[in-house]
$ cat work.txt   # compact mmCIF, C-alpha atoms
# COMPACT_ATOMS: atom_id res chain seq x y z
CA MET G 225 -79.90 21.26 57.42
CA LYS G 226 -77.64 23.80 55.76
CA THR G 227 -77.49 23.86 52.03
CA PRO G 228 -73.84 23.70 50.78
CA ARG G 229 -72.75 26.70 48.89
CA SER G 230 -71.85 26.15 45.26
CA LYS G 231 -68.22 26.87 44.29
CA PRO G 232 -67.56 29.61 41.75
CA PRO G 233 -66.38 28.40 38.32
CA LEU G 234 -62.59 28.17 37.87
CA PRO G 235 -60.88 30.42 35.34
CA PRO G 236 -59.23 28.75 32.37
CA VAL G 237 -55.62 27.62 32.92
CA THR G 238 -53.07 29.19 30.58
CA THR G 239 -49.40 28.61 29.96
CA THR G 240 -46.98 31.32 28.92
CA GLY G 241 -43.40 31.56 27.78
CA GLY G 242 -41.25 29.75 25.19
CA ASP G 243 -43.10 27.66 22.63
CA HIS G 244 -46.23 27.66 24.73
CA ALA G 245 -47.02 31.38 24.45
CA ALA G 246 -50.55 30.73 23.09
CA ALA G 247 -53.08 30.31 25.90
CA ARG G 248 -55.08 27.09 25.78
CA PRO G 249 -58.02 26.70 28.19
CA LEU G 250 -58.16 23.37 29.98
CA GLN G 251 -61.37 21.67 30.94
CA ARG G 252 -62.25 21.65 34.58
CA VAL G 253 -61.72 18.29 36.22
CA SER G 254 -63.97 17.44 39.10
CA THR G 255 -62.23 16.22 42.23
CA LEU G 256 -63.32 14.42 45.34
CA THR G 257 -63.13 16.03 48.73
CA TRP G 258 -61.26 13.83 51.14
CA PRO G 259 -62.72 13.63 54.65
CA HIS G 260 -59.34 14.33 56.29
CA ASP G 261 -58.70 17.44 54.13
CA PRO G 262 -59.41 20.43 56.44
CA LEU G 263 -59.63 22.81 53.50
CA GLY G 264 -62.12 20.71 51.61
CA GLY G 265 -61.54 20.42 47.83
CA ARG G 266 -59.59 23.64 47.35
CA VAL G 267 -56.13 22.17 47.95
CA SER G 268 -56.86 19.05 45.85
CA GLU G 269 -58.19 21.18 43.02
CA SER G 270 -55.09 23.41 42.98
CA ARG G 271 -52.75 20.40 43.11
CA ARG G 272 -54.63 18.73 40.27
CA ARG G 273 -54.31 21.83 38.08
CA GLN G 274 -50.54 21.94 38.69
CA GLU G 275 -50.19 18.25 37.76
CA ILE G 276 -52.19 18.75 34.55
CA ARG G 277 -50.07 21.78 33.59
CA ALA G 278 -46.82 19.78 34.14
CA ALA G 279 -48.16 16.84 32.14
CA VAL G 280 -49.01 19.07 29.19
CA LEU G 281 -45.50 20.52 29.20
CA ARG G 282 -43.94 17.05 29.32
CA TRP G 283 -46.02 15.77 26.39
CA ARG G 284 -45.15 18.79 24.26
CA SER G 285 -41.41 18.32 24.96
CA PHE G 286 -41.68 14.60 24.18
CA GLY G 287 -43.42 15.36 20.89
CA SER G 288 -40.60 17.68 19.78
CA MET G 289 -37.98 15.06 20.68
CA THR G 290 -39.91 12.38 18.78
CA VAL G 291 -40.01 14.49 15.63
CA PHE G 292 -36.25 15.08 15.90
CA CYS G 293 -35.51 11.35 16.33
CA VAL G 294 -37.67 10.43 13.33
CA PHE G 295 -35.93 13.04 11.18
CA ALA G 296 -32.48 11.76 12.20
CA MET G 297 -33.51 8.18 11.44
CA LEU G 298 -34.71 9.15 7.97
CA GLN G 299 -31.36 10.85 7.32
CA LEU G 300 -29.48 7.70 8.31
CA LEU G 301 -31.68 5.51 6.14
CA SER G 302 -31.14 7.79 3.15
CA MET G 303 -27.35 7.34 3.35
CA PRO G 304 -25.75 4.51 1.31
CA ALA G 305 -25.16 1.27 3.21
CA HIS G 306 -21.57 0.88 2.04
CA ALA G 307 -19.66 3.49 0.08
CA ASP G 308 -16.01 3.60 -0.96
CA LYS G 309 -13.88 6.34 -2.43
CA ILE G 310 -13.15 6.15 -6.15
CA ARG G 311 -9.42 6.18 -5.34
CA ASP G 312 -9.88 2.90 -3.43
CA LEU G 313 -11.65 1.23 -6.37
CA THR G 314 -9.64 2.43 -9.37
CA GLN G 315 -6.21 3.38 -10.64
CA VAL G 316 -5.40 6.10 -13.14
CA ALA G 317 -4.11 4.61 -16.40
CA GLY G 318 -0.42 5.39 -16.86
CA VAL G 319 0.15 6.12 -13.17
CA ARG G 320 1.89 2.99 -11.92
CA SER G 321 5.10 1.75 -10.35
CA ASN G 322 7.99 0.18 -12.28
CA GLN G 323 10.14 -2.75 -11.21
CA LEU G 324 13.91 -2.36 -10.97
CA ILE G 325 16.57 -5.06 -10.63
CA GLY G 326 20.31 -5.14 -10.12
CA TYR G 327 23.27 -7.28 -9.08
CA GLY G 328 25.57 -6.49 -6.20
CA LEU G 329 27.90 -7.67 -3.47
CA VAL G 330 27.29 -7.73 0.27
CA VAL G 331 30.48 -7.58 2.32
CA GLY G 332 31.30 -7.51 6.01
CA LEU G 333 29.63 -10.83 6.89
CA ASP G 334 30.77 -12.78 9.93
CA GLY G 335 32.01 -15.88 8.11
CA SER G 336 28.56 -16.61 6.61
CA GLY G 337 29.34 -15.59 3.03
CA ASP G 338 29.49 -17.63 -0.17
CA GLN G 339 31.86 -20.54 -0.55
CA THR G 340 33.96 -19.50 -3.51
CA THR G 341 34.56 -23.07 -4.67
CA GLN G 342 30.82 -23.53 -5.19
CA ALA G 343 29.99 -19.94 -6.19
CA PRO G 344 32.84 -18.75 -8.43
CA PHE G 345 30.85 -15.74 -9.68
CA THR G 346 31.30 -14.12 -6.26
CA THR G 347 35.08 -14.14 -6.65
CA GLN G 348 34.82 -12.93 -10.24
CA SER G 349 32.59 -10.02 -9.18
CA LEU G 350 35.00 -9.07 -6.44
CA GLU G 351 37.97 -9.15 -8.84
CA ASN G 352 36.14 -6.93 -11.35
CA MET G 353 35.34 -4.44 -8.60
CA LEU G 354 38.95 -4.35 -7.42
CA GLN G 355 40.18 -3.70 -10.97
CA GLN G 356 38.02 -0.56 -11.09
CA PHE G 357 39.99 0.72 -8.10
CA GLY G 358 43.32 -0.11 -9.75
CA ILE G 359 43.96 -3.35 -7.84
CA THR G 360 45.00 -6.34 -9.93
CA VAL G 361 44.48 -9.82 -8.56
CA PRO G 362 47.30 -12.25 -9.61
CA PRO G 363 46.05 -14.67 -12.26
CA GLY G 364 45.31 -18.18 -11.06
CA SER G 365 44.73 -17.15 -7.46
CA ARG G 366 41.48 -18.21 -5.83
CA PRO G 367 40.72 -16.07 -2.80
CA GLN G 368 38.79 -17.98 -0.17
CA LEU G 369 36.18 -15.45 0.85
CA LYS G 370 33.88 -15.97 3.78
CA ASN G 371 32.65 -12.46 4.38
CA ALA G 372 31.21 -11.62 0.92
CA ALA G 373 28.04 -12.79 -0.84
CA ALA G 374 26.56 -12.21 -4.28
CA VAL G 375 23.02 -10.86 -4.12
CA MET G 376 20.20 -9.68 -6.34
CA VAL G 377 18.75 -6.25 -5.55
CA THR G 378 15.13 -5.41 -6.42
CA ALA G 379 12.98 -2.33 -5.89
CA ASP G 380 9.73 -0.69 -7.02
CA LEU G 381 10.01 2.78 -8.50
CA PRO G 382 6.80 4.63 -7.52
CA PRO G 383 5.04 6.95 -9.97
CA PHE G 384 6.15 10.59 -10.11
CA ALA G 385 9.45 9.74 -8.34
CA LYS G 386 12.00 12.49 -8.87
CA PRO G 387 15.82 12.33 -8.86
CA GLY G 388 17.18 12.57 -5.36
CA GLN G 389 14.29 10.80 -3.66
CA THR G 390 14.94 7.50 -1.88
CA ILE G 391 13.13 4.16 -2.14
CA ASP G 392 13.35 0.86 -0.25
CA VAL G 393 15.21 -2.09 -1.75
CA THR G 394 15.17 -5.86 -1.15
CA VAL G 395 18.40 -7.87 -1.10
CA ALA G 396 18.44 -11.67 -1.61
CA SER G 397 21.39 -14.05 -1.80
CA ILE G 398 21.90 -16.05 -5.01
CA GLY G 399 24.81 -18.14 -3.73
CA ASN G 400 25.19 -20.45 -0.74
CA SER G 401 25.51 -17.74 1.87
CA LYS G 402 24.03 -18.77 5.20
CA SER G 403 23.18 -15.31 6.48
CA LEU G 404 23.37 -11.68 5.39
CA ARG G 405 23.16 -10.32 8.94
CA GLY G 406 25.51 -7.43 9.51
CA GLY G 407 26.36 -7.08 5.81
CA GLN G 408 26.85 -3.94 3.78
CA LEU G 409 25.59 -3.68 0.21
CA LEU G 410 28.09 -2.02 -2.10
CA MET G 411 26.95 0.46 -4.75
CA SER G 412 24.68 -1.39 -7.18
CA PRO G 413 22.92 0.15 -10.18
CA LEU G 414 19.24 -0.74 -10.59
CA ARG G 415 17.94 -1.04 -14.13
CA GLY G 416 14.48 -1.07 -15.62
CA ALA G 417 13.00 -3.24 -18.35
CA ASP G 418 14.49 -0.91 -20.98
CA GLY G 419 18.04 -1.39 -19.63
CA ASN G 420 18.46 2.14 -18.33
CA VAL G 421 19.68 2.85 -14.81
CA TYR G 422 16.95 4.49 -12.73
CA ALA G 423 18.37 4.16 -9.20
CA VAL G 424 21.54 3.29 -7.30
CA ALA G 425 21.37 1.16 -4.12
CA GLN G 426 23.78 1.00 -1.19
CA GLY G 427 23.49 0.57 2.57
CA SER G 428 23.29 -1.78 5.54
CA VAL G 429 21.09 -4.84 5.18
CA VAL G 430 18.38 -5.39 7.80
CA ILE G 431 17.58 -9.08 8.43
CA GLY G 432 14.39 -10.28 10.10
CA GLY G 433 15.70 -13.76 10.98
CA ILE G 434 18.50 -15.31 12.98
CA SER G 435 20.47 -18.53 12.80
CA ALA G 436 23.08 -20.23 14.98
CA GLN G 437 25.17 -23.36 14.54
CA GLY G 438 27.38 -25.34 16.90
CA LYS G 439 30.57 -27.30 16.26
CA SER G 440 28.67 -30.59 16.48
CA GLY G 441 26.58 -29.63 13.46
CA SER G 442 23.34 -28.83 15.28
CA SER G 443 21.77 -25.53 14.21
CA VAL G 444 18.77 -23.35 15.00
CA GLN G 445 17.18 -20.93 12.56
CA VAL G 446 14.26 -18.53 12.97
CA ASN G 447 12.74 -17.02 9.81
CA ILE G 448 14.86 -16.36 6.73
CA THR G 449 18.40 -15.02 7.03
CA SER G 450 19.40 -15.08 3.36
CA SER G 451 17.32 -12.04 2.39
CA GLY G 452 16.64 -8.63 3.87
CA ARG G 453 15.73 -5.03 3.18
CA ILE G 454 17.46 -1.66 3.14
CA PRO G 455 15.03 1.13 4.10
CA ASN G 456 15.60 4.14 1.85
CA GLY G 457 18.54 2.25 0.42
CA ALA G 458 18.34 3.48 -3.18
CA SER G 459 18.51 6.97 -4.63
CA VAL G 460 16.44 7.75 -7.73
CA GLU G 461 18.57 8.95 -10.66
CA ARG G 462 16.07 9.09 -13.54
CA THR G 463 12.41 10.10 -13.92
CA VAL G 464 9.91 7.88 -15.71
CA ALA G 465 7.69 9.78 -18.15
CA SER G 466 3.96 9.63 -17.34
CA SER G 467 0.97 10.13 -19.61
CA PHE G 468 -0.85 11.97 -16.83
CA THR G 469 0.98 15.22 -17.52
CA ARG G 470 -0.11 15.25 -21.15
CA GLY G 471 -3.45 16.62 -22.27
CA GLY G 472 -6.43 14.56 -23.27
CA ASP G 473 -8.90 12.25 -21.57
CA LEU G 474 -8.01 10.05 -18.63
CA THR G 475 -8.95 6.43 -18.00
CA LEU G 476 -9.77 4.93 -14.61
CA ASN G 477 -8.99 1.21 -14.44
CA LEU G 478 -10.93 -0.74 -11.82
CA ASN G 479 -8.93 -2.86 -9.39
CA THR G 480 -11.58 -5.58 -9.75
CA ALA G 481 -13.55 -5.61 -12.98
CA ASP G 482 -17.28 -5.27 -12.36
CA PHE G 483 -19.94 -3.84 -14.70
CA THR G 484 -22.08 -2.55 -11.82
CA THR G 485 -19.21 -0.72 -10.17
CA ALA G 486 -18.05 0.79 -13.49
CA GLY G 487 -21.54 2.11 -14.21
CA ARG G 488 -21.89 3.60 -10.74
CA ILE G 489 -18.51 5.34 -10.99
CA ALA G 490 -19.49 6.94 -14.30
CA ALA G 491 -22.86 7.97 -12.85
CA ALA G 492 -21.24 9.55 -9.77
CA ILE G 493 -18.80 11.59 -11.87
CA ASN G 494 -21.57 12.74 -14.24
CA LYS G 495 -23.72 13.75 -11.30
CA ALA G 496 -20.93 15.88 -9.85
CA TYR G 497 -19.53 17.42 -13.06
CA GLY G 498 -22.33 17.17 -15.60
CA ALA G 499 -23.58 14.62 -18.10
CA GLY G 500 -21.03 13.33 -20.59
CA THR G 501 -18.02 13.82 -18.33
CA ALA G 502 -17.50 10.08 -17.75
CA GLN G 503 -18.41 7.00 -19.73
CA ALA G 504 -17.96 3.35 -18.82
CA ILE G 505 -15.96 1.68 -21.60
CA ASP G 506 -16.33 -1.85 -20.23
CA GLY G 507 -16.46 -3.62 -16.90
CA GLY G 508 -12.89 -2.63 -16.07
CA SER G 509 -12.40 0.92 -17.42
CA VAL G 510 -14.11 4.31 -17.23
CA ALA G 511 -13.12 7.14 -19.61
CA VAL G 512 -13.18 10.62 -18.04
CA ARG G 513 -12.95 13.97 -19.82
CA GLY G 514 -10.57 16.13 -17.82
CA PRO G 515 -9.40 19.70 -18.12
CA GLN G 516 -6.91 20.42 -20.89
CA ASP G 517 -4.80 22.64 -18.67
CA PRO G 518 -2.23 20.38 -16.92
CA SER G 519 -2.12 22.72 -13.92
CA GLN G 520 -5.81 21.98 -13.22
CA LYS G 521 -5.58 18.22 -13.64
CA VAL G 522 -4.12 17.49 -10.22
CA ALA G 523 -6.81 19.28 -8.19
CA TRP G 524 -9.57 17.99 -10.45
CA MET G 525 -8.44 14.35 -10.26
CA GLY G 526 -8.12 14.64 -6.49
CA ALA G 527 -11.74 15.80 -6.27
CA VAL G 528 -12.89 12.96 -8.53
CA GLN G 529 -11.09 10.35 -6.45
CA ASN G 530 -12.80 11.61 -3.29
CA LEU G 531 -16.30 10.92 -4.65
CA ASP G 532 -18.23 8.19 -2.84
CA VAL G 533 -19.44 5.19 -4.85
CA GLN G 534 -21.25 2.11 -3.64
CA PRO G 535 -19.46 -0.84 -5.30
CA GLY G 536 -21.31 -3.82 -6.69
CA GLU G 537 -21.66 -6.99 -4.72
CA ALA G 538 -18.75 -9.40 -4.94
CA PRO G 539 -19.41 -12.65 -6.84
CA ALA G 540 -19.85 -15.90 -4.95
CA LEU G 541 -16.33 -17.32 -4.73
CA ILE G 542 -14.49 -20.08 -2.88
CA VAL G 543 -10.68 -19.99 -2.85
CA VAL G 544 -8.81 -23.17 -1.93
CA ASN G 545 -5.08 -23.44 -1.30
CA SER G 546 -4.30 -27.14 -1.70
CA ARG G 547 -0.73 -26.74 -0.40
CA THR G 548 -1.59 -25.20 2.96
CA GLY G 549 -5.17 -26.43 3.34
CA THR G 550 -6.56 -22.89 3.54
CA VAL G 551 -10.19 -22.46 2.45
CA VAL G 552 -11.83 -19.03 2.08
CA ILE G 553 -15.60 -19.00 1.46
CA GLY G 554 -17.42 -15.83 0.41
CA SER G 555 -20.55 -14.64 2.19
CA ASP G 556 -22.76 -15.04 -0.93
CA VAL G 557 -22.01 -18.74 -1.44
CA ARG G 558 -25.16 -20.86 -1.63
CA VAL G 559 -25.66 -24.62 -1.79
CA SER G 560 -28.63 -26.47 -3.23
CA ALA G 561 -30.26 -29.40 -1.47
CA ALA G 562 -27.68 -32.17 -1.19
CA ALA G 563 -26.63 -35.01 1.10
CA VAL G 564 -22.92 -35.52 1.81
CA ALA G 565 -21.20 -38.52 3.40
CA HIS G 566 -17.47 -38.36 3.97
CA GLY G 567 -15.22 -40.84 5.75
CA GLY G 568 -11.48 -40.94 6.17
CA ILE G 569 -9.34 -43.81 4.87
CA GLU G 570 -6.10 -44.51 6.76
CA VAL G 571 -3.32 -46.69 5.36
CA THR G 572 -0.67 -47.95 7.79
CA ILE G 573 2.56 -49.59 6.56
CA SER G 574 5.00 -50.99 9.11
CA GLU G 575 8.35 -52.57 8.30
CA GLN G 576 9.70 -55.33 10.57
CA PRO G 577 12.88 -56.89 9.12
CA LEU G 578 13.41 -60.55 9.99
CA VAL G 579 16.74 -62.34 10.29
CA SER G 580 16.92 -65.66 8.44
CA GLN G 581 19.37 -68.11 9.99
CA PRO G 582 20.56 -71.06 7.82
CA GLY G 583 20.58 -74.61 9.20
CA PRO G 584 23.70 -76.08 10.82
CA PHE G 585 26.38 -77.16 8.35
CA SER G 586 24.12 -76.11 5.43
CA GLY G 587 26.60 -73.69 4.00
CA GLY G 588 24.07 -70.89 3.90
CA LYS G 589 24.50 -67.32 5.04
CA THR G 590 22.54 -65.25 7.47
CA ALA G 591 20.29 -62.81 5.62
CA VAL G 592 17.88 -60.05 6.55
CA VAL G 593 14.45 -60.65 5.04
CA PRO G 594 12.11 -57.65 4.75
CA SER G 595 8.65 -58.07 6.23
CA SER G 596 5.95 -55.49 5.56
CA ASN G 597 2.62 -55.20 7.35
CA VAL G 598 -0.01 -53.17 5.48
CA GLN G 599 -3.32 -52.26 7.13
CA ILE G 600 -6.18 -50.21 5.74
CA SER G 601 -8.81 -48.76 8.05
CA GLU G 602 -11.80 -46.66 7.08
CA GLY G 603 -13.23 -44.24 9.56
CA SER G 604 -16.90 -44.00 10.31
CA GLY G 605 -18.46 -41.73 7.72
CA HIS G 606 -20.85 -39.00 8.79
CA MET G 607 -23.70 -37.93 6.54
CA PHE G 608 -25.18 -34.46 6.67
CA THR G 609 -27.66 -32.67 4.46
CA PHE G 610 -27.89 -29.17 3.07
CA GLY G 611 -31.25 -27.57 2.51
CA PRO G 612 -31.93 -25.52 -0.61
CA GLY G 613 -30.19 -22.15 -0.60
CA VAL G 614 -28.32 -22.52 2.69
CA SER G 615 -25.86 -19.79 3.64
CA LEU G 616 -22.22 -19.75 4.68
CA ASP G 617 -23.02 -20.13 8.38
CA THR G 618 -24.93 -23.34 7.75
CA ILE G 619 -22.09 -24.80 5.68
CA VAL G 620 -19.46 -24.05 8.33
CA ARG G 621 -21.66 -25.36 11.14
CA ALA G 622 -22.36 -28.63 9.34
CA VAL G 623 -18.69 -29.22 8.52
CA ASN G 624 -17.56 -28.45 12.07
CA GLN G 625 -20.13 -30.82 13.58
CA VAL G 626 -18.71 -33.82 11.71
CA GLY G 627 -15.14 -32.80 12.57
CA ALA G 628 -13.93 -32.47 8.98
CA THR G 629 -10.37 -31.29 8.46
CA PRO G 630 -9.43 -28.65 5.85
CA SER G 631 -8.41 -31.45 3.47
CA ASP G 632 -11.82 -33.08 3.94
CA LEU G 633 -13.53 -29.74 3.34
CA ILE G 634 -11.66 -29.30 0.06
CA SER G 635 -12.84 -32.73 -1.09
CA ILE G 636 -16.42 -31.98 -0.05
CA LEU G 637 -16.48 -28.65 -1.91
CA GLN G 638 -15.05 -30.22 -5.07
CA ALA G 639 -17.67 -32.98 -4.94
CA LEU G 640 -20.49 -30.45 -4.43
CA LYS G 641 -19.22 -28.41 -7.38
CA GLN G 642 -19.09 -31.54 -9.56
CA ALA G 643 -22.64 -32.46 -8.53
CA GLY G 644 -23.91 -28.98 -9.45
CA ALA G 645 -25.07 -28.21 -5.91
CA LEU G 646 -22.47 -25.50 -5.23
CA HIS G 647 -23.52 -22.14 -6.68
CA ALA G 648 -20.13 -20.45 -6.59
CA GLU G 649 -16.88 -20.36 -8.48
CA LEU G 650 -14.30 -22.74 -7.02
CA VAL G 651 -10.73 -21.43 -7.41
CA VAL G 652 -7.82 -23.72 -6.50
CA ILE G 653 -4.44 -22.03 -6.09
$ encode --input "work.txt" --output "structure tokens"
Amino acid sequence: MKTPRSKPPLPPVTTTGGDHAAARPLQRVSTLTWPHDPLGGRVSESRRRQEIRAAVLRWRSFGSMTVFCVFAMLQLLSMPAHADKIRDLTQVAGVRSNQLIGYGLVVGLDGSGDQTTQAPFTTQSLENMLQQFGITVPPGSRPQLKNAAAVMVTADLPPFAKPGQTIDVTVASIGNSKSLRGGQLLMSPLRGADGNVYAVAQGSVVIGGISAQGKSGSSVQVNITSSGRIPNGASVERTVASSFTRGGDLTLNLNTADFTTAGRIAAAINKAYGAGTAQAIDGGSVAVRGPQDPSQKVAWMGAVQNLDVQPGEAPALIVVNSRTGTVVIGSDVRVSAAAVAHGGIEVTISEQPLVSQPGPFSGGKTAVVPSSNVQISEGSGHMFTFGPGVSLDTIVRAVNQVGATPSDLISILQALKQAGALHAELVVI
């Protein structure tokens, strides 16, 4: 029997190139020699070394990718969950719009103007306007106008508006005009609260509604036709002085007063421009020390308004509109353990007049006698329970399961608030 020759030891396997320039010896892995392999264990050994080398390269690449993913995840976690710009949370004190109002005439209507017998001020306004053009209306005459309407003109003068710029105006009828469609607003001065003229309005009125009426009296109307807008219909004639251009500190007024948000705004400004730059006065105002040079204020305030601040959480609030049945429930509303039973009561009143006939030769008269039928029915009440500290989803799900209407929901919320189980402020508008 021949003694098998021993195989020489294999040299260590090395990898070169890229990040794997350092040679690392790999342990020799024993392999089995398959009977059908004509070359014995040499081919299997070479194939096994190639597979081990490829596996090492794959694991090293996977390790680098894992480190990158973990680093990116840490960066995302370090970012604030919800951040807003300071310009979205505050307004600069003294930088605001001003309301303007004026009186004018809209002419050129297609027979839908004011009825002068019921709106005499329209005729008086037209006569005063004609006198300014040298036209005198005979005394005692009452022109029957159908194509003119008296209107009120309103507009908002934005901050920093300069003479020559245009603003939008709103036109609304104050008489009995049926429609302002196709009308033209004559020159109307717009005054501020101090009585000065700040803009002059004139232009074609744009109406968002439509109405039609037949000779039989039937009519159809979509939206409102007695008011409209004039885009860029007023020209600014006077500038409103602003305190922003003067030197001194500035004040940022929060749109919604909140102590947490005011403190975070002051902290963000101090972090960016140094301690002592901003100070929270109260829950609704933050005092900021700005540059004394007016030419630097604009760029500096723009940079401050672009700072990111995480606002405080909104208070638990429920807003109820009793006229429309609208109910808005905040996400932080909580309800203590309570059981609620609510059933609808329906009252039905039907009138069935009866005719009373007198007896023959009685001398009486036929009369109609009213007959009322009143019925009261109470619907089956459903009872549902709230566990301690339930969330908004649980409240909505429970109310929808019993089929409560918005009016029923308003009654349920008011009862829960009265019982002390509703941990939120209930606002009825």
$ residues_around --input "work.txt" --residues "Tyr497 of chain G" --least-positions-apart "5" --cutoff "10 Å" --atoms "only C-alpha atoms" --output "ChimeraX atom specification"
/G:492,502,528
$ closest_residue --input "work.txt" --among "G:Thr394, G:Ser467, G:Thr449, G:Ser560" --to "Leu646 of chain G" --atoms "all atoms listed in the file"
G:Ser560
$ atom_distance --input "work.txt" --atom1 "atom CA of Gln581 of chain G" --atom2 "atom CA of Asn597 of chain G"
21.3 Å
$ atom_distance --input "work.txt" --atom1 "atom CA of Lys309 of chain G" --atom2 "atom CA of Gln534 of chain G"
8.6 Å
$ closest_residue --input "work.txt" --among "G:Val579, G:Val460, G:Val377, G:Leu369" --to "Tyr422 of chain G" --atoms "all atoms listed in the file"
G:Val460
$ closest_residue --input "work.txt" --among "G:Gln625, G:Thr485, G:Gln503, G:Asn352" --to "Asp473 of chain G" --atoms "only C-alpha atoms"
G:Gln503
$ closest_residue --input "work.txt" --among "G:Gly328, G:Gly407, G:Gly508, G:Gly337" --to "Leu313 of chain G" --atoms "all atoms listed in the file"
G:Gly508
$ closest_residue --input "work.txt" --among "G:Leu333, G:Val651, G:Ile276, G:Leu324" --to "Ser546 of chain G" --atoms "all atoms listed in the file"
G:Val651
$ atom_distance --input "work.txt" --atom1 "atom CA of Asn530 of chain G" --atom2 "atom CA of Ile310 of chain G"
6.2 Å
$ closest_residue --input "work.txt" --among "G:Leu640, G:Leu478, G:Val512, G:Ile359" --to "Ala563 of chain G" --atoms "only C-alpha atoms"
G:Leu640
$ residues_around --input "work.txt" --residues "Glu537 of chain G" --least-positions-apart "3" --cutoff "12 Å" --atoms "only C-alpha atoms" --output "number ranges by chain"
G: 305-307, 480-485, 534, 540-541, 554-556
$ residues_around --input "work.txt" --residues "Leu476 of chain G" --least-positions-apart "2" --cutoff "10 Å" --atoms "all atoms listed in the file" --output "ChimeraX atom specification"
/G:310-311,313-318,474,478-479,486,489-490,502,504-505,508-512,529
$ residues_around --input "work.txt" --residues "Val652 of chain G" --least-positions-apart "5" --cutoff "12 Å" --atoms "only C-alpha atoms" --output "count of residues only"
16
$ build_atoms --input "work.txt" --residues "segment 479-490 of chain G" --atoms "N, CA and C atoms" --output "short mmCIF file (atom, residue, chain, number, x, y, z; two decimals), in the coordinates of the input"
data_model
loop_
_atom_site.label_atom_id
_atom_site.label_comp_id
_atom_site.auth_asym_id
_atom_site.auth_seq_id
_atom_site.Cartn_x
_atom_site.Cartn_y
_atom_site.Cartn_z
N ASN G 479 -9.77 -1.83 -9.99
CA ASN G 479 -8.93 -2.86 -9.39
C ASN G 479 -9.53 -4.25 -9.57
N THR G 480 -10.84 -4.34 -9.50
CA THR G 480 -11.58 -5.58 -9.75
C THR G 480 -12.67 -5.27 -10.76
N ALA G 481 -12.59 -5.90 -11.92
CA ALA G 481 -13.55 -5.61 -12.98
C ALA G 481 -14.96 -5.98 -12.53
N ASP G 482 -15.88 -5.05 -12.70
CA ASP G 482 -17.28 -5.27 -12.36
C ASP G 482 -18.12 -4.25 -13.12
N PHE G 483 -19.11 -4.74 -13.89
CA PHE G 483 -19.94 -3.84 -14.70
C PHE G 483 -20.76 -2.90 -13.82
N THR G 484 -21.27 -3.40 -12.70
CA THR G 484 -22.08 -2.55 -11.82
C THR G 484 -21.26 -1.43 -11.23
N THR G 485 -20.07 -1.74 -10.76
CA THR G 485 -19.21 -0.72 -10.17
C THR G 485 -18.78 0.30 -11.22
N ALA G 486 -18.45 -0.15 -12.44
CA ALA G 486 -18.05 0.79 -13.49
C ALA G 486 -19.18 1.74 -13.84
N GLY G 487 -20.40 1.24 -13.93
CA GLY G 487 -21.54 2.11 -14.21
C GLY G 487 -21.80 3.11 -13.10
N ARG G 488 -21.65 2.69 -11.85
CA ARG G 488 -21.89 3.60 -10.74
C ARG G 488 -20.80 4.67 -10.65
N ILE G 489 -19.57 4.33 -11.00
CA ILE G 489 -18.51 5.34 -10.99
C ILE G 489 -18.78 6.40 -12.04
N ALA G 490 -19.17 5.97 -13.25
CA ALA G 490 -19.49 6.94 -14.30
C ALA G 490 -20.68 7.81 -13.89
#
